[in-house]
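Trainee: Quick one, entry09.pdb (PDB, C-alpha atoms and all ligand atoms):
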ATOM      1  CA  MET A   1      -4.847 -10.893  -4.432
ATOM      2  CA  ASN A   2      -1.450 -11.497  -6.038
ATOM      3  CA  GLY A   3       1.742 -10.861  -4.122
ATOM      4  CA  LEU A   4       2.857  -7.219  -3.942
ATOM      5  CA  ALA A   5       6.370  -5.942  -4.622
ATOM      6  CA  VAL A   6       8.064  -3.818  -1.970
ATOM      7  CA  ALA A   7      10.747  -1.183  -2.541
ATOM      8  CA  CYS A   8      12.531   0.909   0.079
ATOM      9  CA  ARG A   9      14.864   3.645  -1.182
ATOM     10  CA  ARG A  10      17.224   5.484   1.177
ATOM     11  CA  VAL A  11      14.754   5.103   4.027
ATOM     12  CA  VAL A  12      15.610   6.989   7.210
ATOM     13  CA  HIS A  13      13.593   6.924  10.410
ATOM     14  CA  ILE A  14      14.307   9.102  13.411
ATOM     15  CA  TYR A  15      12.436   8.864  16.728
ATOM     16  CA  ARG A  16      12.225  12.224  18.464
ATOM     17  CA  ALA A  17      12.602  11.547  22.181
ATOM     18  CA  GLU A  18      13.169  13.861  25.172
ATOM     19  CA  ALA A  19      16.509  12.223  25.871
ATOM     20  CA  GLY A  20      17.590  12.934  22.266
ATOM     21  CA  ASP A  21      16.870  11.775  18.739
ATOM     22  CA  VAL A  22      17.311   8.093  17.902
ATOM     23  CA  VAL A  23      18.205   7.173  14.321
ATOM     24  CA  ALA A  24      16.450   3.808  14.016
ATOM     25  CA  LEU A  25      16.928   3.451  10.230
ATOM     26  CA  ALA A  26      19.894   5.119   8.569
ATOM     27  CA  GLY A  27      19.299   4.735   4.818
ATOM     28  CA  VAL A  28      17.686   1.410   4.014
ATOM     29  CA  ASP A  29      17.605   0.144   0.420
ATOM     30  CA  LEU A  30      15.618  -3.046  -0.019
ATOM     31  CA  SER A  31      13.691  -4.632  -2.893
ATOM     32  CA  ILE A  32      11.330  -7.557  -2.409
ATOM     33  CA  GLY A  33       9.752  -9.257  -5.410
ATOM     34  CA  PRO A  34       6.036 -10.111  -5.599
ATOM     35  CA  GLY A  35       5.428 -13.475  -3.958
ATOM     36  CA  GLU A  36       8.828 -13.573  -2.267
ATOM     37  CA  MET A  37       9.342 -14.803   1.328
ATOM     38  CA  LEU A  38      11.975 -13.031   3.336
ATOM     39  CA  ALA A  39      13.244 -12.872   6.916
ATOM     40  CA  LEU A  40      14.533  -9.678   8.508
ATOM     41  CA  VAL A  41      17.162 -10.909  10.942
ATOM     42  CA  GLY A  42      19.115  -8.835  13.429
ATOM     43  CA  PRO A  43      19.893  -8.131  17.054
ATOM     44  CA  SER A  44      17.578  -6.283  19.406
ATOM     45  CA  GLY A  45      17.361  -2.579  18.609
ATOM     46  CA  SER A  46      18.712  -2.919  15.056
ATOM     47  CA  GLY A  47      15.575  -1.420  13.453
ATOM     48  CA  LYS A  48      13.568  -4.461  12.300
ATOM     49  CA  SER A  49      10.270  -3.483  13.930
ATOM     50  CA  THR A  50      10.664   0.105  12.766
ATOM     51  CA  LEU A  51      11.055  -1.083   9.167
ATOM     52  CA  VAL A  52       7.954  -3.281   9.462
ATOM     53  CA  ALA A  53       5.971  -0.376  10.963
ATOM     54  CA  LEU A  54       6.932   1.735   7.913
ATOM     55  CA  LEU A  55       5.988  -1.055   5.467
ATOM     56  CA  SER A  56       2.581  -1.375   7.121
ATOM     57  CA  GLY A  57       1.981   2.373   7.082
ATOM     58  CA  LEU A  58       1.696   2.469  10.884
ATOM     59  CA  MET A  59       4.492   5.067  10.851
ATOM     60  CA  ARG A  60       5.914   7.328   8.170
ATOM     61  CA  ALA A  61       9.561   7.447   7.149
ATOM     62  CA  SER A  62      11.440  10.620   8.148
ATOM     63  CA  ALA A  63      13.074  10.530   4.693
ATOM     64  CA  GLY A  64      13.254   8.252   1.668
ATOM     65  CA  ARG A  65      10.568   6.323  -0.162
ATOM     66  CA  VAL A  66       8.534   3.227   0.723
ATOM     67  CA  ASN A  67       6.525   1.607  -2.083
ATOM     68  CA  VAL A  68       4.139  -1.317  -1.681
ATOM     69  CA  GLY A  69       2.688  -2.476  -4.984
ATOM     70  CA  THR A  70       1.741   0.679  -6.882
ATOM     71  CA  TYR A  71       1.426   2.767  -3.704
ATOM     72  CA  ASP A  72       3.976   5.296  -2.479
ATOM     73  CA  LEU A  73       3.083   5.104   1.234
ATOM     74  CA  GLY A  74       4.515   8.545   1.997
ATOM     75  CA  LYS A  75       1.937  10.148  -0.301
ATOM     76  CA  LEU A  76      -1.144   8.522   1.269
ATOM     77  CA  THR A  77      -3.404  10.027   3.927
ATOM     78  CA  GLU A  78      -3.860   8.324   7.313
ATOM     79  CA  ALA A  79      -7.295   7.089   6.190
ATOM     80  CA  GLU A  80      -5.845   5.615   2.992
ATOM     81  CA  LEU A  81      -3.070   3.895   4.961
ATOM     82  CA  ALA A  82      -5.619   2.430   7.387
ATOM     83  CA  ARG A  83      -7.644   1.125   4.426
ATOM     84  CA  LEU A  84      -4.546  -0.563   2.945
ATOM     85  CA  ARG A  85      -3.842  -2.257   6.311
ATOM     86  CA  GLY A  86      -7.312  -3.757   6.362
ATOM     87  CA  THR A  87      -7.099  -4.994   2.776
ATOM     88  CA  LEU A  88      -3.809  -5.161   0.825
ATOM     89  CA  ILE A  89      -1.422  -5.297   3.773
ATOM     90  CA  GLY A  90      -1.811  -7.843   6.585
ATOM     91  CA  VAL A  91       0.053  -7.307   9.847
ATOM     92  CA  VAL A  92       0.662  -9.861  12.607
ATOM     93  CA  LEU A  93       2.085  -8.085  15.649
ATOM     94  CA  GLN A  94       4.571  -9.701  18.030
ATOM     95  CA  GLY A  95       2.721 -11.758  20.667
ATOM     96  CA  ALA A  96      -0.266 -13.706  19.309
ATOM     97  CA  ALA A  97      -2.637 -12.238  21.948
ATOM     98  CA  ARG A  98      -2.247  -8.703  20.543
ATOM     99  CA  ASN A  99      -3.895  -9.840  17.297
ATOM    100  CA  LEU A 100      -6.802 -11.775  18.782
ATOM    101  CA  LEU A 101      -9.953 -11.405  20.872
ATOM    102  CA  SER A 102      -9.251 -14.167  23.352
ATOM    103  CA  TYR A 103     -12.796 -14.655  24.718
ATOM    104  CA  THR A 104     -14.393 -15.550  21.416
ATOM    105  CA  THR A 105     -14.063 -18.100  18.616
ATOM    106  CA  LEU A 106     -11.638 -18.379  15.729
ATOM    107  CA  HIS A 107     -14.489 -17.852  13.247
ATOM    108  CA  ARG A 108     -15.508 -14.599  14.910
ATOM    109  CA  ASN A 109     -11.922 -13.336  14.991
ATOM    110  CA  ILE A 110     -11.607 -13.981  11.244
ATOM    111  CA  TRP A 111     -14.969 -12.353  10.437
ATOM    112  CA  LEU A 112     -13.993  -9.232  12.369
ATOM    113  CA  ALA A 113     -10.706  -9.039  10.449
ATOM    114  CA  GLN A 114     -12.642  -9.305   7.170
ATOM    115  CA  ARG A 115     -15.087  -6.478   7.940
ATOM    116  CA  ARG A 116     -13.251  -3.638   6.213
ATOM    117  CA  ALA A 117     -12.427  -5.728   3.133
ATOM    118  CA  ALA A 118     -16.046  -6.957   2.938
ATOM    119  CA  ARG A 119     -17.174  -3.330   2.457
ATOM    120  CA  THR A 120     -14.577  -2.722  -0.291
ATOM    121  CA  ALA A 121     -15.754  -3.334  -3.829
ATOM    122  CA  GLY A 122     -13.801  -5.862  -5.861
ATOM    123  CA  ILE A 123     -12.367  -7.893  -2.984
ATOM    124  CA  GLU A 124     -13.383 -11.529  -2.878
ATOM    125  CA  LEU A 125     -12.936 -13.014   0.561
ATOM    126  CA  ASP A 126     -12.171 -16.625   1.418
ATOM    127  CA  HIS A 127     -14.554 -18.431   3.755
ATOM    128  CA  PRO A 128     -13.060 -18.585   7.292
ATOM    129  CA  ASP A 129     -12.889 -22.385   7.037
ATOM    130  CA  ARG A 130     -10.636 -22.084   3.977
ATOM    131  CA  ILE A 131      -8.379 -19.680   5.901
ATOM    132  CA  LEU A 132      -8.181 -22.124   8.802
ATOM    133  CA  ASP A 133      -7.173 -24.876   6.360
ATOM    134  CA  LEU A 134      -4.308 -22.694   5.084
ATOM    135  CA  VAL A 135      -2.841 -22.172   8.574
ATOM    136  CA  GLY A 136      -3.235 -25.805   9.615
ATOM    137  CA  LEU A 137      -6.270 -25.393  11.907
ATOM    138  CA  PRO A 138      -8.908 -27.252   9.858
ATOM    139  CA  GLY A 139     -12.389 -27.495  11.361
ATOM    140  CA  GLN A 140     -11.437 -25.436  14.436
ATOM    141  CA  GLY A 141     -13.650 -22.428  13.741
ATOM    142  CA  ARG A 142     -15.696 -22.905  16.903
ATOM    143  CA  ALA A 143     -12.670 -23.189  19.182
ATOM    144  CA  ARG A 144     -12.185 -20.289  21.589
ATOM    145  CA  ILE A 145      -8.798 -18.585  21.397
ATOM    146  CA  ASP A 146      -8.370 -19.049  25.172
ATOM    147  CA  ASP A 147      -8.531 -22.821  24.715
ATOM    148  CA  LEU A 148      -5.797 -23.065  22.057
ATOM    149  CA  ALA A 149      -2.201 -24.200  22.711
ATOM    150  CA  PRO A 150       0.495 -21.513  22.136
ATOM    151  CA  GLY A 151       1.475 -22.795  18.658
ATOM    152  CA  ALA A 152      -2.154 -22.962  17.531
ATOM    153  CA  ARG A 153      -2.748 -19.467  18.941
ATOM    154  CA  GLN A 154       0.121 -18.113  16.853
ATOM    155  CA  ARG A 155      -1.399 -19.739  13.759
ATOM    156  CA  ALA A 156      -4.774 -18.223  14.738
ATOM    157  CA  ALA A 157      -3.023 -14.831  14.701
ATOM    158  CA  LEU A 158      -1.762 -15.659  11.188
ATOM    159  CA  ALA A 159      -5.326 -16.573  10.152
ATOM    160  CA  VAL A 160      -6.456 -13.108  11.257
ATOM    161  CA  GLY A 161      -3.516 -11.519   9.408
ATOM    162  CA  ILE A 162      -4.457 -13.210   6.117
ATOM    163  CA  ALA A 163      -8.243 -12.991   6.599
ATOM    164  CA  ALA A 164      -8.689 -10.117   4.141
ATOM    165  CA  GLY A 165      -6.456 -11.786   1.522
ATOM    166  CA  PRO A 166      -3.548  -9.323   1.646
ATOM    167  CA  GLY A 167      -0.871  -9.170  -1.071
ATOM    168  CA  LEU A 168       1.753  -8.384   1.574
ATOM    169  CA  LEU A 169       1.894 -10.088   4.980
ATOM    170  CA  LEU A 170       4.172  -8.668   7.692
ATOM    171  CA  VAL A 171       4.795 -10.938  10.672
ATOM    172  CA  ASP A 172       6.760  -9.855  13.759
ATOM    173  CA  GLU A 173       8.568 -12.643  15.706
ATOM    174  CA  PRO A 174       6.011 -15.421  15.107
ATOM    175  CA  THR A 175       8.158 -18.208  16.589
ATOM    176  CA  SER A 176       9.867 -16.578  19.567
ATOM    177  CA  GLN A 177       7.695 -18.150  22.292
ATOM    178  CA  LEU A 178       7.383 -21.607  20.707
ATOM    179  CA  ASP A 179       9.089 -24.990  20.983
ATOM    180  CA  SER A 180      10.557 -26.557  17.835
ATOM    181  CA  THR A 181       7.286 -28.315  16.893
ATOM    182  CA  GLY A 182       5.305 -25.094  17.278
ATOM    183  CA  ARG A 183       7.915 -23.213  15.270
ATOM    184  CA  ASP A 184       7.778 -25.799  12.507
ATOM    185  CA  GLU A 185       3.972 -25.611  12.304
ATOM    186  CA  VAL A 186       4.033 -21.808  12.068
ATOM    187  CA  LEU A 187       6.669 -21.882   9.300
ATOM    188  CA  THR A 188       4.715 -24.544   7.412
ATOM    189  CA  ALA A 189       1.596 -22.343   7.663
ATOM    190  CA  LEU A 190       3.514 -19.368   6.246
ATOM    191  CA  GLU A 191       4.901 -21.500   3.406
ATOM    192  CA  THR A 192       1.407 -22.774   2.584
ATOM    193  CA  VAL A 193      -0.030 -19.243   2.470
ATOM    194  CA  ASN A 194       2.862 -18.186   0.234
ATOM    195  CA  SER A 195       2.572 -21.098  -2.190
ATOM    196  CA  GLU A 196      -1.249 -21.227  -2.385
ATOM    197  CA  ARG A 197      -1.933 -17.511  -2.536
ATOM    198  CA  GLY A 198       1.346 -16.060  -3.824
ATOM    199  CA  THR A 199       1.394 -13.630  -0.880
ATOM    200  CA  THR A 200       4.629 -11.686  -0.345
ATOM    201  CA  ILE A 201       5.690 -12.449   3.241
ATOM    202  CA  VAL A 202       8.164 -10.588   5.471
ATOM    203  CA  VAL A 203       9.011 -12.182   8.822
ATOM    204  CA  VAL A 204      10.925 -10.368  11.568
ATOM    205  CA  THR A 205      13.009 -12.798  13.596
ATOM    206  CA  HIS A 206      16.006 -13.146  15.919
ATOM    207  CA  ASP A 207      16.313 -16.754  14.807
ATOM    208  CA  ALA A 208      18.817 -17.370  11.986
ATOM    209  CA  ALA A 209      17.281 -20.850  11.434
ATOM    210  CA  VAL A 210      13.968 -19.212  10.522
ATOM    211  CA  GLY A 211      15.826 -17.037   8.029
ATOM    212  CA  ALA A 212      17.509 -20.087   6.485
ATOM    213  CA  ARG A 213      14.197 -21.879   6.062
ATOM    214  CA  LEU A 214      12.485 -18.926   4.345
ATOM    215  CA  GLY A 215      15.101 -18.882   1.568
ATOM    216  CA  ARG A 216      16.119 -15.206   1.835
ATOM    217  CA  ALA A 217      17.401 -13.605   5.020
ATOM    218  CA  VAL A 218      18.316  -9.928   5.128
ATOM    219  CA  THR A 219      20.387  -8.793   8.086
ATOM    220  CA  ILE A 220      19.554  -5.447   9.695
ATOM    221  CA  ARG A 221      22.403  -3.927  11.688
ATOM    222  CA  ASP A 222      22.412  -0.471  13.289
ATOM    223  CA  GLY A 223      19.541   0.682  11.102
ATOM    224  CA  ARG A 224      21.100  -0.460   7.834
ATOM    225  CA  VAL A 225      20.622  -3.435   5.577
ATOM    226  CA  GLY A 226      23.582  -5.698   6.146
ATOM    227  CA  ALA A 227      24.606  -8.859   4.372
ATOM    228  CA  GLU A 228      22.152 -11.286   2.873
ATOM    229  CA  GLY A 229      21.711 -15.058   2.699
ATOM    230  CA  ARG A 230      19.805 -16.702  -0.157
ATOM    231  CA  ASP A 231      19.231 -20.407  -0.594
ATOM    232  CA  GLY A 232      22.212 -21.273   1.577
ATOM    233  CA  GLN A 233      24.601 -18.792  -0.107
ATOM    234  CA  ASP A 234      25.978 -15.693   1.649
ATOM    235  CA  PHE A 235      26.167 -12.321  -0.100
ATOM    236  CA  ALA A 236      27.835  -9.028   0.738
ATOM    237  CA  VAL A 237      25.540  -6.089  -0.084
ATOM    238  CA  VAL A 238      26.409  -2.655  -1.502
ATOM    239  CA  ALA A 239      24.349   0.072   0.175
ATOM    240  CA  GLY A 240      23.057   3.223  -1.532
ATOM    241  CA  ASP A 241      25.994   5.248  -0.169
ATOM    242  CA  GLY A 242      28.578   2.814  -1.590
ATOM    243  CA  THR A 243      29.408   1.071   1.698
ATOM    244  CA  VAL A 244      29.671  -2.732   1.558
ATOM    245  CA  GLN A 245      27.941  -4.818   4.224
ATOM    246  CA  LEU A 246      29.613  -8.163   4.942
ATOM    247  CA  PRO A 247      28.090 -11.317   6.485
ATOM    248  CA  PRO A 248      28.448 -11.016  10.298
ATOM    249  CA  ASP A 249      30.647 -14.112  10.660
ATOM    250  CA  VAL A 250      33.332 -12.806   8.284
ATOM    251  CA  LEU A 251      33.310  -9.224   9.581
ATOM    252  CA  GLY A 252      36.122 -10.005  12.050
ATOM    253  CA  ALA A 253      38.433 -11.043   9.199
ATOM    254  CA  PHE A 254      38.040  -7.638   7.463
ATOM    255  CA  PRO A 255      38.437  -4.891  10.059
ATOM    256  CA  PRO A 256      37.636  -1.261   9.181
ATOM    257  CA  GLY A 257      40.339   0.052   6.889
ATOM    258  CA  THR A 258      40.829  -3.222   5.021
ATOM    259  CA  LEU A 259      41.857  -2.443   1.435
ATOM    260  CA  PHE A 260      40.607  -4.288  -1.627
ATOM    261  CA  THR A 261      42.434  -3.915  -4.928
ATOM    262  CA  VAL A 262      39.968  -3.153  -7.730
ATOM    263  CA  GLU A 263      40.970  -4.954 -10.940
ATOM    264  CA  ARG A 264      39.229  -4.156 -14.209
ATOM    265  CA  GLU A 265      39.615  -6.398 -17.219
ATOM    266  CA  ASP A 266      37.467  -6.577 -20.368
ATOM    267  CA  GLY A 267      34.573  -4.833 -18.633
ATOM    268  CA  ALA A 268      34.668  -7.259 -15.672
ATOM    269  CA  VAL A 269      35.550  -5.991 -12.198
ATOM    270  CA  THR A 270      37.272  -8.170  -9.574
ATOM    271  CA  PHE A 271      38.035  -7.241  -5.970
ATOM    272  CA  VAL A 272      41.141  -8.723  -4.394
ATOM    273  CA  VAL A 273      41.946  -8.389  -0.704
ATOM    274  CA  GLY A 274      45.061  -6.241  -0.520
ATOM    275  CA  GLY A 275      45.851  -6.552   3.176
ATOM    276  CA  THR A 276      44.769  -4.512   6.174
ATOM    277  CA  GLN A 277      46.166  -1.017   6.202
ATOM    278  CA  PRO A 278      44.008   1.142   8.437
ATOM    279  CA  ARG A 279      44.257   4.788   7.454
ATOM    280  CA  GLU A 280      46.012   7.136   9.905
TER     281      GLU A 280
HETATM  282  N1  LIG B   1       9.137   4.912  20.241
HETATM  283  C1  LIG B   1      10.475   5.000  20.266
HETATM  284  N2  LIG B   1      11.072   6.111  20.757
HETATM  285  C2  LIG B   1      12.431   6.222  20.769
HETATM  286  N3  LIG B   1      13.277   5.267  20.315
HETATM  287  C3  LIG B   1      12.722   4.150  19.831
HETATM  288  C4  LIG B   1      11.296   3.944  19.777
HETATM  289  N4  LIG B   1      11.052   2.723  19.250
HETATM  290  C5  LIG B   1      12.264   2.182  18.969
HETATM  291  N5  LIG B   1      13.258   3.031  19.315
HETATM  292  C6  LIG B   1      14.708   2.820  19.132
HETATM  293  O1  LIG B   1      14.936   2.630  17.743
HETATM  294  C7  LIG B   1      15.932   1.629  17.536
HETATM  295  C8  LIG B   1      15.364   0.510  16.666
HETATM  296  O2  LIG B   1      14.305  -0.128  17.396
HETATM  297  P1  LIG B   1      13.438  -1.336  16.786
HETATM  298  O3  LIG B   1      12.378  -1.647  17.796
HETATM  299  O4  LIG B   1      13.018  -1.001  15.422
HETATM  300  O5  LIG B   1      14.514  -2.509  16.745
HETATM  301  P2  LIG B   1      14.274  -4.085  16.615
HETATM  302  O6  LIG B   1      15.393  -4.582  15.776
HETATM  303  O7  LIG B   1      12.898  -4.351  16.160
HETATM  304  O8  LIG B   1      14.454  -4.568  18.113
HETATM  305  P3  LIG B   1      13.692  -5.803  18.860
HETATM  306  O9  LIG B   1      14.173  -7.037  18.179
HETATM  307  O10 LIG B   1      14.176  -5.673  20.263
HETATM  308  O11 LIG B   1      12.220  -5.548  18.699
HETATM  309  C9  LIG B   1      16.382   1.181  18.925
HETATM  310  O12 LIG B   1      17.512   1.927  19.283
HETATM  311  C10 LIG B   1      15.203   1.552  19.806
HETATM  312  O13 LIG B   1      15.624   1.799  21.129
END
Any chance you could give the structure as structure tokens?

Mentor:
Amino acid sequence: MNGLAVACRRVVHIYRAEAGDVVALAGVDLSIGPGEMLALVGPSGSGKSTLVALLSGLMRASAGRVNVGTYDLGKLTEAELARLRGTLIGVVLQGAARNLLSYTTLHRNIWLAQRRAARTAGIELDHPDRILDLVGLPGQGRARIDDLAPGARQRAALAVGIAAGPGLLLVDEPTSQLDSTGRDEVLTALETVNSERGTTIVVVTHDAAVGARLGRAVTIRDGRVGAEGRDGQDFAVVAGDGTVQLPPDVLGAFPPGTLFTVEREDGAVTFVVGGTQPRE
């Protein structure tokens, strides 16, 4: 399966709670190319997990459009969404244990994750040993999950996530409980899956270093896509409503109300900082 493109357009998600509605996503615009690796970085409560739940079809957006490959997820039935999750879309939930049956072997965990895809015509599945090679656990098919070290257990969770050969892999906080060696091994496994299979990979993380290593890091702040870092360069991002999201570390230098002069010359547009003059 080749990598799938992802497109979010003006995505809003509201949780209806007794204490009042919570706007978790407030108009997210995001495009991810097929085969791209990207980190969603942001503080707790900023909306990262909500966005991943929408991309996996576990929840539906309150408004806006979410496309994965040729599918408009908002138009699919629950059964169709469940089928996509078992085939085209792989999900690795936060906390390795939530993805694994701890009392049995790695092989059995992978077989179980392949069951739905095995019944779907046209899907060719990798042998579990090949999947274990990809995540850096060669020859460990007979190991019980209970007996694995934390880093290996996280890579076992990745093996289950890629078992059906998804075109999009969504991974929530894969390195949060690990030391630097464990983190490195998990990131290497993700890079190998991406380069060998072309899988599009989205990783939710609090860790800016993980974002830097994946090449593209998109900041989520208060339910909106904020600034972006790509290959070591920082970018400000224009949102669908015309607001400009700045990298967090330069925000302090441009308080709300900062004016930019817009200069147009020969079809080119330049913005020049014109001083801070907050409106009355
Ligand atoms: N089931 C829910 N009911 C009500 N509010 C919710 C629910 N789930 C999340 N929220 C709220 O939605 C907002 C976004 O939460 P979300 O879990 O997506 O953020 P996050 O960036 O993934 O945070 P974390 O890094 O802590 O997982 C937060 O204000 C959160 O309190």

Trainee: Any chance you could work out the axis-aligned box around ligand LIG 1 (chain B), listed atoms only, 8 Å on each side, giving centre and edge lengths in Å to one decimal, as lines of an AutoDock Vina configuration file?

Mentor:
center_x = 13.3
center_y = -0.4
center_z = 18.3
size_x = 24.4
size_y = 29.3
size_z = 21.7

Trainee: Quick one: everything within 12 Å of A:Gly3, counting only C-alpha atoms, minus sequence neighbours fewer than 6 positions away in the same chain. Send it as a PyMOL selection string.

Mentor: chain A and resi 32-37+68-70+88-90+165-169+193-202

Trainee: What lies within 9 Å of stretch 110-117 of chain A using all atoms listed in the file, ignoring chain neighbours under 2 positions off, as a ChimeraX atom specification?

Mentor: /A:83,86-88,105-108,119-121,123-125,128,131,156,159-165

Trainee: Take the residues from that selection and write them out as an mmCIF file, keeping the file's coordinate frame, keeping C-alpha atoms.

Mentor:
data_model
loop_
_atom_site.group_PDB
_atom_site.id
_atom_site.type_symbol
_atom_site.label_atom_id
_atom_site.label_comp_id
_atom_site.auth_asym_id
_atom_site.auth_seq_id
_atom_site.Cartn_x
_atom_site.Cartn_y
_atom_site.Cartn_z
ATOM 1 C CA ARG A 83 -7.644 1.125 4.426
ATOM 2 C CA GLY A 86 -7.312 -3.757 6.362
ATOM 3 C CA THR A 87 -7.099 -4.994 2.776
ATOM 4 C CA LEU A 88 -3.809 -5.161 0.825
ATOM 5 C CA THR A 105 -14.063 -18.100 18.616
ATOM 6 C CA LEU A 106 -11.638 -18.379 15.729
ATOM 7 C CA HIS A 107 -14.489 -17.852 13.247
ATOM 8 C CA ARG A 108 -15.508 -14.599 14.910
ATOM 9 C CA ARG A 119 -17.174 -3.330 2.457
ATOM 10 C CA THR A 120 -14.577 -2.722 -0.291
ATOM 11 C CA ALA A 121 -15.754 -3.334 -3.829
ATOM 12 C CA ILE A 123 -12.367 -7.893 -2.984
ATOM 13 C CA GLU A 124 -13.383 -11.529 -2.878
ATOM 14 C CA LEU A 125 -12.936 -13.014 0.561
ATOM 15 C CA PRO A 128 -13.060 -18.585 7.292
ATOM 16 C CA ILE A 131 -8.379 -19.680 5.901
ATOM 17 C CA ALA A 156 -4.774 -18.223 14.738
ATOM 18 C CA ALA A 159 -5.326 -16.573 10.152
ATOM 19 C CA VAL A 160 -6.456 -13.108 11.257
ATOM 20 C CA GLY A 161 -3.516 -11.519 9.408
ATOM 21 C CA ILE A 162 -4.457 -13.210 6.117
ATOM 22 C CA ALA A 163 -8.243 -12.991 6.599
ATOM 23 C CA ALA A 164 -8.689 -10.117 4.141
ATOM 24 C CA GLY A 165 -6.456 -11.786 1.522
#

Trainee: Got a sec to resolve the PyMOL selection byres (((chain A and resi 81) around 12) and not hetatm) on this structure and send the residues as a PyMOL selection string?

Mentor: chain A and resi 53-60+68+71-80+82-90

Trainee: Using all atoms listed in the file, which protein or nucleic acid residues are at most 8 Å from ligand LIG 1 (chain B), as a ChimeraX atom specification?

Mentor: /A:14-17,21-25,42-51,204-206,220,222-223

Trainee: As a VMD selection string, please: the residues near A:Glu173 (cut-off 10 Å, all atoms listed in the file, same-chain neighbours under 6 positions excluded).

Mentor: chain A and resid 39 to 41 49 92 to 96 203 to 207 210

Trainee: Pick the closest to A:Gly229 from A:Ala157, A:Val11, A:Val135, A:Ala208: which is it, counting all atoms listed in the file?

Mentor: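 Selected residue with least distance to A:Gly229: A:Ala208.
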
Trainee: Please measure the separation of atom CA of A:Ala253 and atom CA of A:Ala227, giving the value in Å to one decimal.

Mentor: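 Atom CA of A:Ala253 sits 14.8 Å away from atom CA of A:Ala227.
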
Trainee: For A:Glu228, which residue out of A:Val272, A:Ala7, A:Leu214, A:Leu246 is the nearest one, using all atoms listed in the file?

Mentor: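 The shortest atom-to-atom distance to A:Glu228 comes from A:Leu246.
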
Trainee: What is the distance, in Å and to one decimal place, between atom CA of A:Asp133 and atom CA of A:Asn99?

Mentor: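 For atom CA of A:Asp133 relative to atom CA of A:Asn99, the distance reads 18.9 Å.
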
Trainee: Applying the PyMOL selection byres (((chain A and resi 152-154) around 12) and not hetatm) to the file I just gave you, which residues come out? Please list them as a PyMOL selection string.

Mentor: chain A and resi 92-102+105-106+109+132+135-138+140+143-151+155-161+171-179+181-187+189-190

Trainee: Run the PyMOL selection byres (((chain A and resi 245) around 10) and not hetatm) on the file and write out the hits as a list in words.

Mentor: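 When the PyMOL selection byres (((chain A and resi 245) around 10) and not hetatm) is applied, the selected residues are Thr219, Arg221, Arg224, Val225, Gly226, Ala227, Glu228, Phe235, Ala236, Val237, Val238, Ala239, Gly242, Thr243, Val244, Leu246, Pro247, Pro248 and Leu251 of chain A.
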